[in-house]
Amino acid sequence: MKAGKVLQVALGVLTSIGGFLDVGAIATAADAGASFRFELLWVVLVGTICVIFLVEMAGRLAAVSKHSYADAVRERFGFQFYVWPILAEFVVDFLVLGAEIGGVCIALQLLTGVAFQWWAIPVALAIWLTAWLGTFDFIENSVALLGLVTLAFVAGAVVLHPPWGEVAKGFIPSGAPHEPAHYWFIAVSIMGALISPYLLYFYSSGAIEDGWGEKDLTMNRLVAGVGMGFGSLVQMGVLMTAAMVLAPHGIRVDQYGQIALTLVGPFGEWGYYLFAVSLGITCFGACMEQALETGFIVSQALGWNWGESKRPVEAARFTMAYTLSIAASTLLMVVGIDPLKLTLFSMALTAVMLPLVVTPLLVIMNDRHYLGEHTNGWLANGVVGLIIGLTFVMALVAIPLEYLGG
Amino acid sequence: MVSWAATAEMVAQRWTAGDVPTAYAHNTLTKGAQEARRAAAKLGQAPAAPVAREAQARYAELAVRLARIDAVIADDDGRAAAGLAAGLPAIRLKLDRLQSGCQAR
Amino acid sequence: MADDFPEPPENGTRLRLVRDVLDSQMVDRKQCQSGKVDGIVAELRDDGRLVITAIENGLPEAVRRVSPRVGDWIAALGRRWGVRKGEVYRIPFARVRNTGIDVRIDLDAAATPLLAWERWLREHVVRRIPGAG
Amino acid sequence: MRAPLKSAETRDRPLEVHLERLIGRRIHDPEGRKVGVIEEIEAELQDGEWVVTKVLTGPIGMLTRLSSLGIGAWLLGLLGARKSAGGHEIAWRDLDLGDPMRPRLRCPADALGPPAAARSKRGD
């Protein structure tokens with residue numbers, strides 16, 4: 001592989017690691033560690049394997065057909081089908097973007113002591129300005145590379161000398177040691193945070209923005225496998241630090257501020273600021289992705305010209321779409337809705353709509369018009385079939401579990 | 001509610017060790033006191049079972065203590081904060097027993 | 001006709017309208033993304049043949065496929081405030097070529113209502129904000 | 001932009017049909033029996049004009065529309081759906097579109113012959 005290609009793969013892997021976490025991943029992992037120590041590590045592992053397959057397929061679809069997932073679903077299933085997943089995705093995007101903005105505001109509250117609502121509008125302006133002036137590459141690479149600070153969670157977990165035997169046992173799927181409703185609610189929330197619809201929509205659009213072609217399929221597989229695989233280590237780090245710092249004291253996660261203690265444990269005062277910076281950068285990167293994703297799915301559903309790499313003048317409707325999306329979601333924080341409650345609610349909502357979004361993938365990834373001879377093999381089809389089955393189960397149990405164990 | 005008592009305890013300790021800023025301690029303790037008061041008020045409406053009365057008293061005591069820790073932290077009085085925080089585990093144990101007592105019934 | 005615009009197919013060519021035309025991405029002569037095919041219009045001739053005359057683009061037409069009432073409501077909204085006045089735009093089928101996944105249309109979309117919203121937002125909103133490019 | 005219709009023109013203007021609204025419509029035969037749901041419409045270029053030649057109904061029609069005859073047939077087989085429940089290919093002249101919202105078959109349903117099986121393995 002040429003040097004340029006190796007650099008490109010390295011960059012892809014690093015941005016996957018830096019960009020892996022978002023507010024949902026942090027909240028659900030910390031809640032899992034605080035409530036059940038290492039018991040739920042296996043859910044993060046299963047979720048990550050699903051993410052790797054979904055990201056690889058989204059990238060392959062775009063690289064070969066030059067069409068995104070949103071394009072393909074509308075073109076193959078028609079507007080009368082596609083209007084439902086896209087409306088559901090709008091609602092979820094609106095809430096998740098609000099929660100991500102909340103994450104950045106909480107980080108600034110931790111750093112400055114000023115209440116998080118006051119930060120909503122400045123944060124929204126910073127997001128909008130970055131999208132308005134930046135290009136897709138700049139946003140993806142810069143923010144995600146800064147996101148490498150989240151490796152602090154991995155370092156924190158190691159510094160706390162985890163009982164590796166218990167950790168290893170946590171990777172073996174097991175039933176609930178206690179409070180089964182809460183156990184399975186967190187498991188569904190972790191999966192909902194990991195297998196979120198934006199993966200398919202955002203990554204396929206990103207591959208088109210980056211101009212990927214069939215020659216990039218190997219890189220696509222490497223970035224998905226290695227990048228996401230290492231990325232999940234960061235989420236496991238959050239879970240393990242919470243298990244070692246919060247669980248022994250019976251501290252359950254009711255507020256983002258409490259999660260700061262997970263890094264204060266191993267690193268003292270340094271840990272406090274490391275957490276604030278990690279939360280802020282992670283959520284800022286996720287804000288950029290969620291806002292752009294709204295622009296992508298509207299433009300691709302209605303066939304507009306779109307592209308973050310284009311200047312705003314060259315894609316007016318696309319830029320207006322993400323501008324309105326940022327403005328609307330910011331209101332959620334200005335009103336002062338608790339970001340953690342909003343996060344967990346949007347994770348449950350995501351779980352309910354997942355089947356509608358993921359099921360068409362099985363058809364599209366076997367369509368020779370789109371994939372030529374790169375259609376799914378039996379392994380990929382088998383995994384997509386499993387993921388679809390999983391999403392149906394999650395959809396059924398998400399709301400009842402939220403009520404029982406939320 | 002046991003979680004908030006434990007959180008307050010850890011925050012007070014970390015504050016005295018200089019690991020977390022005062023504003024963070026204030027925000028967390030205020031939130032904890034608020035949750036304790038809410039729990040006490042909720043129990044106030046419940047029928048006057050002895051266990052409920054006992055739990056309500058412990059929540060009220062916890063709310064008062066958290067508010068006092070918050071106040072001494074605002075005055076930057078580390079020793080007073082540590083002293084008050086030292087009383088938290090006792091309240092937490094009582095709450096634990098009451099809670100597991102309720103669940104057992 | 002632009003030089004790279006595909007030639008009309010020969011006689012006897014068959015076309016699957018739903019899979020190959022409906023909801024497909026329209027790309028104009030300058031390779032510009034010009035919307036999706038929201039509708040296909042045909043005429044029932046006296047000799048009983050049903051001949052396809054045009055494809056249509058317009059949100060009201062797409063939504064009518066889901067719910068006629070909501071589609072009409074969106075058209076009414078468009079008439080009052082819309083830049084395209086709720087009108088659904090028709091492209092003669094003779095100007096349409098199906099190539100693989102996308103549909104090529106033999107016209108310059110910038111000069112048609114297809115990009116009316118794009119033009120309006122660009123002139124009245126985007127261009128007025130610094131850094132718009 | 002469509003030119004406003006002049007009054008003279010409206011009288012003898014041929015009936016206009018929106019094909020996309022036919023998708024999902026159920027076809028009945030003259031005795032009112034259900035024949036199937038329209039999933040795909042096929043046209044052919046005849047002397048410069050695209051003429052509708054046939055309509056596809058039932059799962060085969062839908063799978064053709066999703067161009068996933070391969071995976072679709074495998075899924076149908078998986079779900080135990082009999083191959084014969086594939087649906088029909090109805091020639092255009094056998095359809096009466098007097099009322100586009102209620103397409104009717106001109107001949108009785110059994111005159112249509114056996115339903116089309118899922119022929120091609122790879123989604124053509």
# chains A, B, ... in the order shown; residues from 1 in each chain; ligands from 1
>>> residues_around(residues="Arg104 (chain C)", least_positions_apart="6", cutoff="10 Å", atoms="only C-alpha atoms", output="list of chain:residue names")
C:Phe5, C:Pro6, C:Ser24, C:Gln25, C:Met26, C:Val27, C:Asp28, C:Arg29, C:Lys30, C:Gln31, C:Cys32, C:Gln33, C:Ser34, C:Arg95, C:Val96, C:Arg97, C:Asn98
>>> residues_around(residues="region 63-74 of chain A", least_positions_apart="5", cutoff="7 Å", atoms="only C-alpha atoms", output="mmCIF file with N, CA and C atoms, in the first residue's frame")
data_model
loop_
_atom_site.group_PDB
_atom_site.id
_atom_site.type_symbol
_atom_site.label_atom_id
_atom_site.label_comp_id
_atom_site.auth_asym_id
_atom_site.auth_seq_id
_atom_site.Cartn_x
_atom_site.Cartn_y
_atom_site.Cartn_z
ATOM 1 N N ALA A 58 -21.980 0.785 4.823
ATOM 2 C CA ALA A 58 -22.343 2.152 4.398
ATOM 3 C C ALA A 58 -21.232 2.722 3.509
ATOM 4 N N PHE A 79 -40.950 6.798 -2.108
ATOM 5 C CA PHE A 79 -41.191 7.867 -1.127
ATOM 6 C C PHE A 79 -42.209 7.418 -0.091
ATOM 7 N N TYR A 82 -40.193 5.596 2.425
ATOM 8 C CA TYR A 82 -39.052 6.295 2.995
ATOM 9 C C TYR A 82 -39.458 7.469 3.872
ATOM 10 N N LEU A 200 -25.459 4.880 9.358
ATOM 11 C CA LEU A 200 -25.634 4.538 7.933
ATOM 12 C C LEU A 200 -25.729 5.810 7.095
ATOM 13 N N TYR A 201 -26.528 6.769 7.566
ATOM 14 C CA TYR A 201 -26.729 7.987 6.759
ATOM 15 C C TYR A 201 -25.447 8.804 6.697
ATOM 16 N N SER A 204 -22.223 6.963 4.911
ATOM 17 C CA SER A 204 -22.306 6.838 3.439
ATOM 18 C C SER A 204 -22.161 8.229 2.810
ATOM 19 N N SER A 205 -22.709 9.249 3.455
ATOM 20 C CA SER A 205 -22.547 10.613 2.901
ATOM 21 C C SER A 205 -21.081 11.038 2.997
ATOM 22 N N ALA A 207 -18.440 9.182 2.881
ATOM 23 C CA ALA A 207 -17.613 8.511 1.858
ATOM 24 C C ALA A 207 -17.751 9.238 0.523
ATOM 25 N N ILE A 208 -18.941 9.776 0.272
ATOM 26 C CA ILE A 208 -19.122 10.538 -0.986
ATOM 27 C C ILE A 208 -18.397 11.873 -0.883
ATOM 28 N N TRP A 212 -14.676 8.723 -2.202
ATOM 29 C CA TRP A 212 -14.165 7.340 -2.216
ATOM 30 C C TRP A 212 -14.607 6.638 -3.483
ATOM 31 N N GLY A 213 -13.794 5.676 -3.939
ATOM 32 C CA GLY A 213 -14.156 4.861 -5.100
ATOM 33 C C GLY A 213 -13.891 3.405 -4.776
ATOM 34 N N GLU A 214 -14.045 2.536 -5.800
ATOM 35 C CA GLU A 214 -13.876 1.103 -5.542
ATOM 36 C C GLU A 214 -12.466 0.797 -5.035
ATOM 37 N N ILE A 297 -29.704 14.080 5.074
ATOM 38 C CA ILE A 297 -30.878 13.230 4.778
ATOM 39 C C ILE A 297 -31.978 14.036 4.085
ATOM 40 N N GLN A 300 -30.709 14.485 0.382
ATOM 41 C CA GLN A 300 -30.698 13.242 -0.401
ATOM 42 C C GLN A 300 -32.111 12.704 -0.593
ATOM 43 N N ALA A 301 -32.994 12.944 0.365
ATOM 44 C CA ALA A 301 -34.376 12.450 0.209
ATOM 45 C C ALA A 301 -35.077 13.221 -0.913
ATOM 46 N N PRO A 360 -34.029 -2.083 5.315
ATOM 47 C CA PRO A 360 -33.749 -1.950 3.871
ATOM 48 C C PRO A 360 -32.305 -2.283 3.492
ATOM 49 N N TYR A 370 -26.494 -1.203 -7.553
ATOM 50 C CA TYR A 370 -25.723 -0.306 -6.669
ATOM 51 C C TYR A 370 -24.320 -0.846 -6.407
ATOM 52 N N LEU A 371 -24.224 -2.160 -6.160
ATOM 53 C CA LEU A 371 -22.957 -2.686 -5.640
ATOM 54 C C LEU A 371 -22.128 -3.434 -6.688
ATOM 55 N N ASP C 23 -38.911 7.926 -8.256
ATOM 56 C CA ASP C 23 -38.057 8.185 -7.093
ATOM 57 C C ASP C 23 -36.559 8.195 -7.436
#
>>> interface_residues(of="chain A", to="chain D", cutoff="10 Å", atoms="only C-alpha atoms", output="VMD selection string")
chain A and resid 73 75 to 78 360 362 to 369 381
>>> write_last_selection(atoms="all heavy atoms", output="compact mmCIF listing (two decimals), in the first residue's frame")
# COMPACT_ATOMS: atom_id res chain seq x y z
N VAL A 73 -32.34 4.16 -0.31
CA VAL A 73 -33.60 3.70 0.30
C VAL A 73 -34.77 4.35 -0.42
O VAL A 73 -35.75 3.69 -0.78
CB VAL A 73 -33.64 4.03 1.81
CG1 VAL A 73 -35.03 3.69 2.39
CG2 VAL A 73 -32.59 3.24 2.54
N GLU A 75 -34.79 5.57 -3.53
CA GLU A 75 -34.88 5.12 -4.93
C GLU A 75 -35.43 3.71 -5.03
O GLU A 75 -36.18 3.37 -5.94
CB GLU A 75 -33.48 5.19 -5.58
CG GLU A 75 -33.13 6.60 -6.01
CD GLU A 75 -31.63 6.88 -6.00
OE1 GLU A 75 -30.85 5.91 -5.98
OE2 GLU A 75 -31.25 8.06 -5.96
N ARG A 76 -35.11 2.85 -4.07
CA ARG A 76 -35.55 1.46 -4.18
C ARG A 76 -36.91 1.23 -3.52
O ARG A 76 -37.74 0.49 -4.02
CB ARG A 76 -34.54 0.53 -3.50
CG ARG A 76 -33.47 0.04 -4.44
CD ARG A 76 -34.07 -0.77 -5.57
NE ARG A 76 -33.11 -1.04 -6.63
CZ ARG A 76 -33.01 -0.34 -7.75
NH1 ARG A 76 -33.81 0.69 -7.97
NH2 ARG A 76 -32.12 -0.63 -8.66
N PHE A 77 -37.17 1.91 -2.38
CA PHE A 77 -38.40 1.58 -1.63
C PHE A 77 -39.49 2.62 -1.87
O PHE A 77 -40.59 2.47 -1.39
CB PHE A 77 -38.08 1.46 -0.13
CG PHE A 77 -37.32 0.20 0.20
CD1 PHE A 77 -35.96 0.12 -0.04
CD2 PHE A 77 -37.97 -0.90 0.72
CE1 PHE A 77 -35.25 -1.04 0.23
CE2 PHE A 77 -37.26 -2.08 1.00
CZ PHE A 77 -35.90 -2.14 0.76
N GLY A 78 -39.12 3.70 -2.55
CA GLY A 78 -40.16 4.68 -2.88
C GLY A 78 -40.40 5.67 -1.75
O GLY A 78 -40.12 5.38 -0.58
N PRO A 360 -34.03 -2.08 5.31
CA PRO A 360 -33.75 -1.95 3.87
C PRO A 360 -32.30 -2.28 3.49
O PRO A 360 -32.01 -2.61 2.34
CB PRO A 360 -34.06 -0.48 3.59
CG PRO A 360 -34.97 -0.03 4.66
CD PRO A 360 -34.59 -0.81 5.87
N LEU A 362 -30.56 -4.85 4.01
CA LEU A 362 -30.37 -6.22 3.51
C LEU A 362 -30.68 -6.28 2.01
O LEU A 362 -29.99 -6.94 1.24
CB LEU A 362 -31.31 -7.18 4.27
CG LEU A 362 -31.13 -8.67 3.96
CD1 LEU A 362 -29.72 -9.14 4.30
CD2 LEU A 362 -32.15 -9.51 4.72
N VAL A 363 -31.69 -5.49 1.60
CA VAL A 363 -32.06 -5.51 0.17
C VAL A 363 -31.02 -4.74 -0.64
O VAL A 363 -30.49 -5.22 -1.64
CB VAL A 363 -33.46 -4.87 -0.02
CG1 VAL A 363 -33.78 -4.71 -1.50
CG2 VAL A 363 -34.51 -5.72 0.68
N ILE A 364 -30.67 -3.56 -0.16
CA ILE A 364 -29.79 -2.67 -0.94
C ILE A 364 -28.39 -3.26 -1.09
O ILE A 364 -27.79 -3.19 -2.17
CB ILE A 364 -29.77 -1.27 -0.30
CG1 ILE A 364 -31.12 -0.60 -0.56
CG2 ILE A 364 -28.63 -0.42 -0.85
CD1 ILE A 364 -31.38 0.64 0.22
N MET A 365 -27.88 -3.89 -0.04
CA MET A 365 -26.52 -4.41 -0.13
C MET A 365 -26.45 -5.65 -1.02
O MET A 365 -25.38 -6.21 -1.23
CB MET A 365 -25.96 -4.75 1.27
CG MET A 365 -25.74 -3.54 2.15
SD MET A 365 -24.83 -2.16 1.42
CE MET A 365 -23.18 -2.81 1.37
N ASN A 366 -27.58 -6.12 -1.53
CA ASN A 366 -27.57 -7.24 -2.48
C ASN A 366 -28.07 -6.81 -3.86
O ASN A 366 -28.46 -7.64 -4.67
CB ASN A 366 -28.47 -8.38 -1.94
CG ASN A 366 -27.86 -9.00 -0.69
OD1 ASN A 366 -26.90 -9.77 -0.77
ND2 ASN A 366 -28.36 -8.60 0.46
N ASP A 367 -28.06 -5.51 -4.09
CA ASP A 367 -28.61 -4.98 -5.35
C ASP A 367 -27.45 -4.68 -6.30
O ASP A 367 -26.63 -3.80 -6.05
CB ASP A 367 -29.39 -3.70 -5.04
CG ASP A 367 -30.07 -3.16 -6.30
OD1 ASP A 367 -29.54 -3.40 -7.39
OD2 ASP A 367 -31.12 -2.53 -6.17
N ARG A 368 -27.39 -5.44 -7.38
CA ARG A 368 -26.24 -5.32 -8.29
C ARG A 368 -26.20 -3.96 -8.98
O ARG A 368 -25.14 -3.49 -9.40
CB ARG A 368 -26.31 -6.44 -9.33
CG ARG A 368 -26.36 -7.82 -8.68
CD ARG A 368 -26.64 -8.90 -9.69
NE ARG A 368 -25.59 -8.93 -10.71
CZ ARG A 368 -24.38 -9.46 -10.47
NH1 ARG A 368 -24.13 -9.94 -9.27
NH2 ARG A 368 -23.47 -9.50 -11.40
N HIS A 369 -27.38 -3.28 -9.07
CA HIS A 369 -27.33 -1.95 -9.70
C HIS A 369 -26.44 -1.02 -8.87
O HIS A 369 -25.76 -0.17 -9.39
CB HIS A 369 -28.75 -1.35 -9.78
CG HIS A 369 -29.60 -1.99 -10.81
ND1 HIS A 369 -30.20 -3.22 -10.63
CD2 HIS A 369 -29.94 -1.58 -12.06
CE1 HIS A 369 -30.87 -3.53 -11.73
NE2 HIS A 369 -30.72 -2.57 -12.61
N ASN A 381 -24.45 -10.76 4.94
CA ASN A 381 -25.91 -10.91 4.96
C ASN A 381 -26.37 -11.53 6.28
O ASN A 381 -27.37 -11.11 6.87
CB ASN A 381 -26.37 -11.80 3.79
CG ASN A 381 -26.51 -10.98 2.52
OD1 ASN A 381 -26.74 -9.77 2.58
ND2 ASN A 381 -26.35 -11.61 1.38
>>> interface_residues(of="chain A", to="chain B", cutoff="10 Å", atoms="only C-alpha atoms", output="count of residues only")
31
>>> residues_around(residues="Leu56 (chain D)", least_positions_apart="6", cutoff="6 Å", atoms="only C-alpha atoms", output="JSON, numbers by chain")
{"D": [38, 39, 40, 88, 89]}
>>> interface_residues(of="chain D", to="chain C", cutoff="9 Å", atoms="only C-alpha atoms", output="ChimeraX atom specification")
/D:1-2,14-21,23,39-53,64-67,92-93,97
>>> write_last_selection(atoms="C-alpha atoms", output="mmCIF file, in the first residue's frame")
data_model
loop_
_atom_site.group_PDB
_atom_site.id
_atom_site.type_symbol
_atom_site.label_atom_id
_atom_site.label_comp_id
_atom_site.auth_asym_id
_atom_site.auth_seq_id
_atom_site.Cartn_x
_atom_site.Cartn_y
_atom_site.Cartn_z
ATOM 1 C CA MET D 1 -44.534 25.113 -16.301
ATOM 2 C CA ARG D 2 -47.893 23.647 -17.444
ATOM 3 C CA PRO D 14 -57.162 12.243 -23.492
ATOM 4 C CA LEU D 15 -57.547 10.863 -19.952
ATOM 5 C CA GLU D 16 -54.370 11.548 -17.902
ATOM 6 C CA VAL D 17 -53.126 8.864 -15.493
ATOM 7 C CA HIS D 18 -50.594 9.325 -12.686
ATOM 8 C CA LEU D 19 -48.776 5.992 -12.788
ATOM 9 C CA GLU D 20 -47.145 6.444 -9.362
ATOM 10 C CA ARG D 21 -50.609 6.429 -7.782
ATOM 11 C CA ILE D 23 -48.574 1.459 -7.231
ATOM 12 C CA GLU D 39 -46.038 -3.365 -7.668
ATOM 13 C CA GLU D 40 -44.299 -2.601 -10.980
ATOM 14 C CA ILE D 41 -45.248 -1.221 -14.411
ATOM 15 C CA GLU D 42 -43.293 -2.033 -17.561
ATOM 16 C CA ALA D 43 -43.131 0.138 -20.703
ATOM 17 C CA GLU D 44 -41.645 -0.395 -24.158
ATOM 18 C CA LEU D 45 -40.351 2.092 -26.722
ATOM 19 C CA GLN D 46 -42.557 1.817 -29.820
ATOM 20 C CA ASP D 47 -41.857 4.272 -32.679
ATOM 21 C CA GLY D 48 -40.541 6.974 -30.401
ATOM 22 C CA GLU D 49 -43.265 6.612 -27.813
ATOM 23 C CA TRP D 50 -43.019 4.782 -24.469
ATOM 24 C CA VAL D 51 -46.090 2.556 -24.236
ATOM 25 C CA VAL D 52 -47.114 0.699 -21.059
ATOM 26 C CA THR D 53 -47.028 -3.022 -21.912
ATOM 27 C CA THR D 64 -38.603 -6.851 -9.162
ATOM 28 C CA ARG D 65 -39.153 -3.281 -8.039
ATOM 29 C CA LEU D 66 -36.608 -3.758 -5.272
ATOM 30 C CA SER D 67 -34.402 -5.433 -7.901
ATOM 31 C CA TRP D 92 -51.855 -3.976 -20.490
ATOM 32 C CA ARG D 93 -54.751 -4.774 -22.842
ATOM 33 C CA LEU D 97 -58.373 1.814 -16.295
#
>>> select_by_dssp(residues="region 14-52 of chain B", states="helix (DSSP H, G or I)", output="ChimeraX atom specification")
/B:14-16,22-45,50-52
>>> residues_around(residues="Met240 (chain A)", least_positions_apart="4", cutoff="7 Å", atoms="only C-alpha atoms", output="PyMOL selection string")
chain A and resi 33+38+157+236+244
>>> residues_around(residues="Leu41 (chain A)", least_positions_apart="5", cutoff="9 Å", atoms="only C-alpha atoms", output="ChimeraX atom specification")
/A:29,32-33,46,167-173,236,239-240
>>> interface_residues(of="chain A", to="chain C", cutoff="6 Å", atoms="only C-alpha atoms", output="list in words")
Glu75, Gly78, Gln80, Leu302, Gly303, Trp304, Asn305, Arg311, Pro312, Val313, Ala316 and Arg317 of chain A
>>> write_last_selection(atoms="C-alpha atoms", output="compact mmCIF listing (two decimals), in the first residue's frame")
# COMPACT_ATOMS: atom_id res chain seq x y z
CA GLU A 75 -34.88 5.12 -4.93
CA GLY A 78 -40.16 4.68 -2.88
CA GLN A 80 -44.28 6.29 0.49
CA LEU A 302 -35.47 15.33 -2.05
CA GLY A 303 -32.60 15.11 -4.53
CA TRP A 304 -31.00 18.51 -3.81
CA ASN A 305 -27.38 19.35 -4.50
CA ARG A 311 -19.29 26.54 -0.23
CA PRO A 312 -22.67 27.50 1.33
CA VAL A 313 -23.54 29.47 -1.84
CA ALA A 316 -28.08 26.87 -0.21
CA ARG A 317 -30.87 24.48 0.75
>>> residues_around(residues="Arg68 (chain B)", least_positions_apart="5", cutoff="10 Å", atoms="only C-alpha atoms", output="ChimeraX atom specification")
/B:29,33,62-63,73-74,80-81,84-85
>>> residues_around(residues="Ile27 (chain D)", least_positions_apart="2", cutoff="8 Å", atoms="only C-alpha atoms", output="list of chain:residue names")
D:Arg25, D:Asp29, D:Lys34, D:Val35, D:Gly36, D:Val37, D:Ile38, D:Arg102, D:Pro103, D:Arg104, D:Leu105
>>> write_last_selection(atoms="C-alpha atoms", output="CSV table (one decimal), in the first residue's frame")
chain,number,residue,atom,x,y,z
D,25,ARG,CA,-53.6,-0.4,-5.9
D,29,ASP,CA,-61.5,-9.2,-11.8
D,34,LYS,CA,-58.9,-9.9,-5.7
D,35,VAL,CA,-56.1,-10.5,-8.3
D,36,GLY,CA,-53.2,-8.8,-6.7
D,37,VAL,CA,-51.5,-5.5,-5.8
D,38,ILE,CA,-49.7,-3.5,-8.5
D,102,ARG,CA,-60.0,1.0,-9.1
D,103,PRO,CA,-58.1,-0.9,-11.9
D,104,ARG,CA,-60.2,-3.8,-13.1
D,105,LEU,CA,-59.3,-6.9,-15.0
>>> atom_distance(atom1="CA of Ile399 (chain A)", atom2="CA of Ser189 (chain A)")
10.8 Å
>>> atom_distance(atom1="CA of Pro400 (chain A)", atom2="CA of Ala27 (chain A)")
20.0 Å
>>> select_by_dssp(residues="region 22-101 of chain C", states="strand (DSSP E)", output="list in words")
Gln25, Met26, Val27, Gln33, Ser34, Gly35, Lys36, Gly39, Ile40, Val41, Ala42, Glu43, Leu44, Leu50, Val51, Ile52, Thr53, Ala54, Ile55, Glu56, Asn57, Tyr89, Arg90, Ile91, Pro92, Val96, Arg97, Asn98 and Thr99 of chain C
